[in-house]
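A.B. asks: One structure coming up, written as structure tokens, with questions to follow.
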Amino acid sequence: MASLSAIKQPTGEPRKLSWAKIVSDVLSPPVVWIALSLIVSWNASATFGEGLYWAFIYSFFVCIMPVAFIIYQLYTGEIGDIHMQYRHERYKPLAITVVSTVVAWAILHALRAPMVVELLAIMSLVEVAIISIITLYWQISMHAMAITGATMAIGIIFNTPLAILTIPLIVLVGAARLSLDRHTPAQVFAGAMVGALAPVFLFLFGSPVLRAILQAL
């Protein structure tokens with residue numbers, strides 16, 4: 001992923017590679033969500049192949065399609081770099097992500113994917129929808145949202161000690177975004193809060209209600 005951020009730099013800016021850019025690429029929202037979907041799907045499935053199947057459906061629509069659109073915008077000059085430094089550059093990709101995430105959930109539900117995988121898609125949809133609304137007015141950190149959301153989801157679905165091991169990644173991602181001057185501390189913190197609250201609500205408080213609704217559909 002590190003090479004993607006170097007595809008096209010803003011005019012007059014030399015190509016540079018730093019720890020912060022590497023962290024931003026390796027722990028970008030699509031990468032984090034693909035990894036999380038693999039872990040959750042494999043755990044919820046009877047076989048490795050079945051888990052890979054559910055993870056692929058989730059990853060293709062939630063992560064790969066939006067990234068493909070971003071790369072297209074990068075080559076056409078609509079955005080300056082893959083992490084979309086300016087707020088207005090994020091509007092279209094976020095809209096595409098919302099729509100494609102709805103499609104991901106619909107397919108997973110129609111194919112009767114494990115409930116936890118469906119809830120993962122709904123979690124991603126809620127997080128992206130909230131981030132999209134906030135982005136219209138303020139450049140909240142999607143990186144902080146994704147890594148914090150993944151940490152909370154791991155803690156809820158698996159166990160707290162495992163989630164604790166990933167907490168340093170939240171700090172690392174936040175420091176990287178601040179080092180690159182892409183966000184203020186408040187924007188990083190707000191992104192982390194969105195990422196933390198969505199899985200808690202969906203997997204803990206809202207889970208029984210959501211399960212009943214999904215089973216009735």
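The chains in the structure tokens are called A, B, ... from first to last as shown; in each chain the residues are counted from 1, and the ligands are counted from 1 in the order shown.
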Excluding A:Val188 and its own-chain neighbours fewer than 4 positions away, which residues fall within 12 Å of it when counting only C-alpha atoms? Please give them as a PyMOL selection string.

C.D. replies: chain A and resi 131+138-148+170-179+181-184+192-195

A.B. asks: Next, dump the selected residues to file, keeping only C-alpha atoms, as a PDB file, in the first residue's frame.

C.D. replies:
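Once written, again.pdb looks like this:
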```pdb
ATOM      1  CA  ILE A 131     -17.986  10.288   8.909  1.00  0.00           C
ATOM      2  CA  TRP A 138     -15.078  19.217   9.313  1.00  0.00           C
ATOM      3  CA  GLN A 139     -12.183  16.968   8.265  1.00  0.00           C
ATOM      4  CA  ILE A 140     -12.555  14.202  10.819  1.00  0.00           C
ATOM      5  CA  SER A 141      -9.981  11.392  10.738  1.00  0.00           C
ATOM      6  CA  MET A 142     -11.114   8.233   8.935  1.00  0.00           C
ATOM      7  CA  HIS A 143      -7.841   6.517   9.841  1.00  0.00           C
ATOM      8  CA  ALA A 144      -8.506   6.997  13.566  1.00  0.00           C
ATOM      9  CA  MET A 145     -12.099   5.830  13.096  1.00  0.00           C
ATOM     10  CA  ALA A 146     -11.118   2.620  11.305  1.00  0.00           C
ATOM     11  CA  ILE A 147      -8.349   1.438  13.627  1.00  0.00           C
ATOM     12  CA  THR A 148     -10.300   2.284  16.790  1.00  0.00           C
ATOM     13  CA  ILE A 170      -4.467   3.543  17.572  1.00  0.00           C
ATOM     14  CA  VAL A 171      -1.768   5.757  19.060  1.00  0.00           C
ATOM     15  CA  LEU A 172       0.562   5.070  16.131  1.00  0.00           C
ATOM     16  CA  VAL A 173      -2.070   5.931  13.526  1.00  0.00           C
ATOM     17  CA  GLY A 174      -3.073   9.101  15.361  1.00  0.00           C
ATOM     18  CA  ALA A 175       0.551  10.201  15.624  1.00  0.00           C
ATOM     19  CA  ALA A 176       1.071   9.518  11.911  1.00  0.00           C
ATOM     20  CA  ARG A 177      -1.905  11.626  10.853  1.00  0.00           C
ATOM     21  CA  LEU A 178      -0.741  14.478  13.073  1.00  0.00           C
ATOM     22  CA  SER A 179       2.837  14.168  11.812  1.00  0.00           C
ATOM     23  CA  ASP A 181      -0.427  17.536   9.276  1.00  0.00           C
ATOM     24  CA  ARG A 182      -3.586  15.979   7.823  1.00  0.00           C
ATOM     25  CA  HIS A 183      -5.661  16.466  10.966  1.00  0.00           C
ATOM     26  CA  THR A 184      -5.783  18.369  14.218  1.00  0.00           C
ATOM     27  CA  ALA A 192     -11.508   7.592  17.295  1.00  0.00           C
ATOM     28  CA  MET A 193     -14.749   8.272  19.184  1.00  0.00           C
ATOM     29  CA  VAL A 194     -16.874   7.426  16.143  1.00  0.00           C
ATOM     30  CA  GLY A 195     -14.859   4.242  15.685  1.00  0.00           C
TER      31      GLY A 195
END
```

A.B. asks: Residues of stretch 15-210 of chain A in helix (DSSP H, G or I) according to DSSP, as a VMD selection string?

C.D. replies: chain A and resid 19 to 26 29 to 44 48 to 76 87 to 110 115 to 135 142 to 157 160 to 179 185 to 205 207 to 210

A.B. asks: Looking at A:Ala68, A:Ala163, A:Ala95, A:Val116, which one is nearest to A:Asn43, with distances taken over only C-alpha atoms?

C.D. replies: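 Closest candidate: A:Val116.
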
A.B. asks: Would you list the contacts of A:Trp54 as a PDB file with N, CA and C atoms, in the first residue's frame, taking every protein, DNA or RNA residue within 8 Å and counting only C-alpha atoms, but skipping same-chain residues closer than 3 positions in sequence?

C.D. replies:
```pdb
ATOM      1  N   SER A  41     -14.726 -13.285   9.670  1.00  0.00           N
ATOM      2  CA  SER A  41     -15.360 -14.283   8.801  1.00  0.00           C
ATOM      3  C   SER A  41     -14.809 -15.673   9.048  1.00  0.00           C
ATOM      4  N   GLU A  50     -15.020 -20.998   3.305  1.00  0.00           N
ATOM      5  CA  GLU A  50     -16.267 -20.263   3.535  1.00  0.00           C
ATOM      6  C   GLU A  50     -15.980 -18.892   4.130  1.00  0.00           C
ATOM      7  N   GLY A  51     -15.057 -18.852   5.088  1.00  0.00           N
ATOM      8  CA  GLY A  51     -14.692 -17.579   5.694  1.00  0.00           C
ATOM      9  C   GLY A  51     -14.103 -16.623   4.668  1.00  0.00           C
ATOM     10  N   ILE A  57     -16.599 -10.939  -0.211  1.00  0.00           N
ATOM     11  CA  ILE A  57     -17.778 -10.135  -0.545  1.00  0.00           C
ATOM     12  C   ILE A  57     -17.734  -8.802   0.199  1.00  0.00           C
ATOM     13  N   TYR A  58     -17.460  -8.867   1.487  1.00  0.00           N
ATOM     14  CA  TYR A  58     -17.358  -7.644   2.282  1.00  0.00           C
ATOM     15  C   TYR A  58     -16.256  -6.734   1.740  1.00  0.00           C
ATOM     16  N   LEU A 108     -24.648  -9.978   1.476  1.00  0.00           N
ATOM     17  CA  LEU A 108     -24.363 -10.856   2.608  1.00  0.00           C
ATOM     18  C   LEU A 108     -25.656 -11.371   3.244  1.00  0.00           C
ATOM     19  N   ALA A 113     -25.158 -14.911   5.146  1.00  0.00           N
ATOM     20  CA  ALA A 113     -23.839 -14.910   5.772  1.00  0.00           C
ATOM     21  C   ALA A 113     -24.009 -14.999   7.289  1.00  0.00           C
ATOM     22  N   VAL A 117     -20.941 -11.305  10.530  1.00  0.00           N
ATOM     23  CA  VAL A 117     -20.403 -10.682   9.315  1.00  0.00           C
ATOM     24  C   VAL A 117     -21.370  -9.613   8.814  1.00  0.00           C
TER      25      VAL A 117
END
```

A.B. asks: Rank nothing, just name the residue among A:Val128, A:Val31, A:Val62, A:Leu74 nearest to A:Ser100, using only C-alpha atoms.

C.D. replies: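 Looking at the shortest contact to A:Ser100, the residue is A:Val62.
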
A.B. asks: Hey, what's within 10 Å of A:His88 if we count only C-alpha atoms and toss same-chain stuff fewer than 5 positions away? As a ChimeraX atom specification, please?

C.D. replies: /A:79,135-137,139

A.B. asks: What would the file look like if the residues just selected were written as a compact mmCIF listing (two decimals), in the first residue's frame with N, CA and C atoms?

C.D. replies:
```txt
# COMPACT_ATOMS: atom_id res chain seq x y z
N ILE A 79 -8.08 14.38 -7.42
CA ILE A 79 -7.54 14.47 -6.06
C ILE A 79 -6.02 14.48 -6.13
N THR A 135 -17.82 15.12 7.57
CA THR A 135 -16.84 15.61 6.60
C THR A 135 -17.38 16.79 5.78
N LEU A 136 -18.67 16.91 5.66
CA LEU A 136 -19.24 18.06 4.95
C LEU A 136 -18.87 19.37 5.63
N TYR A 137 -18.55 19.29 6.92
CA TYR A 137 -18.28 20.51 7.70
C TYR A 137 -16.90 20.52 8.35
N GLN A 139 -12.98 18.08 8.80
CA GLN A 139 -12.18 16.97 8.26
C GLN A 139 -11.80 15.98 9.37
```

A.B. asks: Expressed in Å to a single decimal, how great is the separation between atom CA of A:Thr97 and atom CA of A:Ala129?

C.D. replies: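 Result for atom CA of A:Thr97 versus atom CA of A:Ala129: 8.9 Å, one decimal.
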
A.B. asks: Need to verify the contact set: A:Ile39, 12 Å, only C-alpha atoms, exclusion of same-chain residues closer than 4 positions in sequence. Can you return it as an MDAnalysis selection string?

C.D. replies: chainID A and resid 32:35 43:45 48 51:52 54:56 116:117 120 150 153:154 157:158

A.B. asks: Kindly export the residues of the current selection with C-alpha atoms, as a short mmCIF file (atom, residue, chain, number, x, y, z; two decimals), in the first residue's frame.

C.D. replies:
```
data_model
loop_
_atom_site.label_atom_id
_atom_site.label_comp_id
_atom_site.auth_asym_id
_atom_site.auth_seq_id
_atom_site.Cartn_x
_atom_site.Cartn_y
_atom_site.Cartn_z
CA VAL A 32 -7.76 -2.41 8.42
CA TRP A 33 -11.28 -3.39 7.36
CA ILE A 34 -10.09 -6.15 5.02
CA ALA A 35 -7.96 -7.64 7.82
CA ASN A 43 -13.94 -17.25 13.11
CA ALA A 44 -17.65 -17.36 12.20
CA SER A 45 -17.36 -19.95 9.40
CA PHE A 48 -11.40 -21.61 5.76
CA GLY A 51 -14.69 -17.58 5.69
CA LEU A 52 -12.67 -16.35 2.73
CA TRP A 54 -17.69 -13.93 3.13
CA ALA A 55 -14.61 -11.78 3.66
CA PHE A 56 -14.20 -11.35 -0.10
CA VAL A 116 -21.58 -11.33 12.88
CA VAL A 117 -20.40 -10.68 9.32
CA LEU A 120 -19.66 -5.98 10.60
CA ALA A 150 -11.46 -2.51 14.59
CA ALA A 153 -14.87 -4.91 17.46
CA ILE A 154 -12.05 -7.35 18.23
CA ILE A 157 -16.27 -10.32 19.32
CA PHE A 158 -13.20 -12.10 20.66
#
```

A.B. asks: What does the structure give for the distance between atom CA of A:Val26 and atom CA of A:Glu127, in Å to one decimal?

C.D. replies: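 Distance between the two atoms: 20.0 Å.
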
A.B. asks: State, in Å with one decimal place, the distance from atom CA of A:Ile130 to atom CA of A:Val98.

C.D. replies: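 Distance reported for this atom pair: 10.1 Å.
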
A.B. asks: Env of A:Ala198: 9 Å cut, atoms = only C-alpha atoms, seq-sep filter 2 positions within chain, self excluded. Answer as JSON, numbers by chain.

C.D. replies: {"A": [123, 124, 126, 127, 149, 152, 193, 194, 195, 196, 200, 201, 202, 203]}
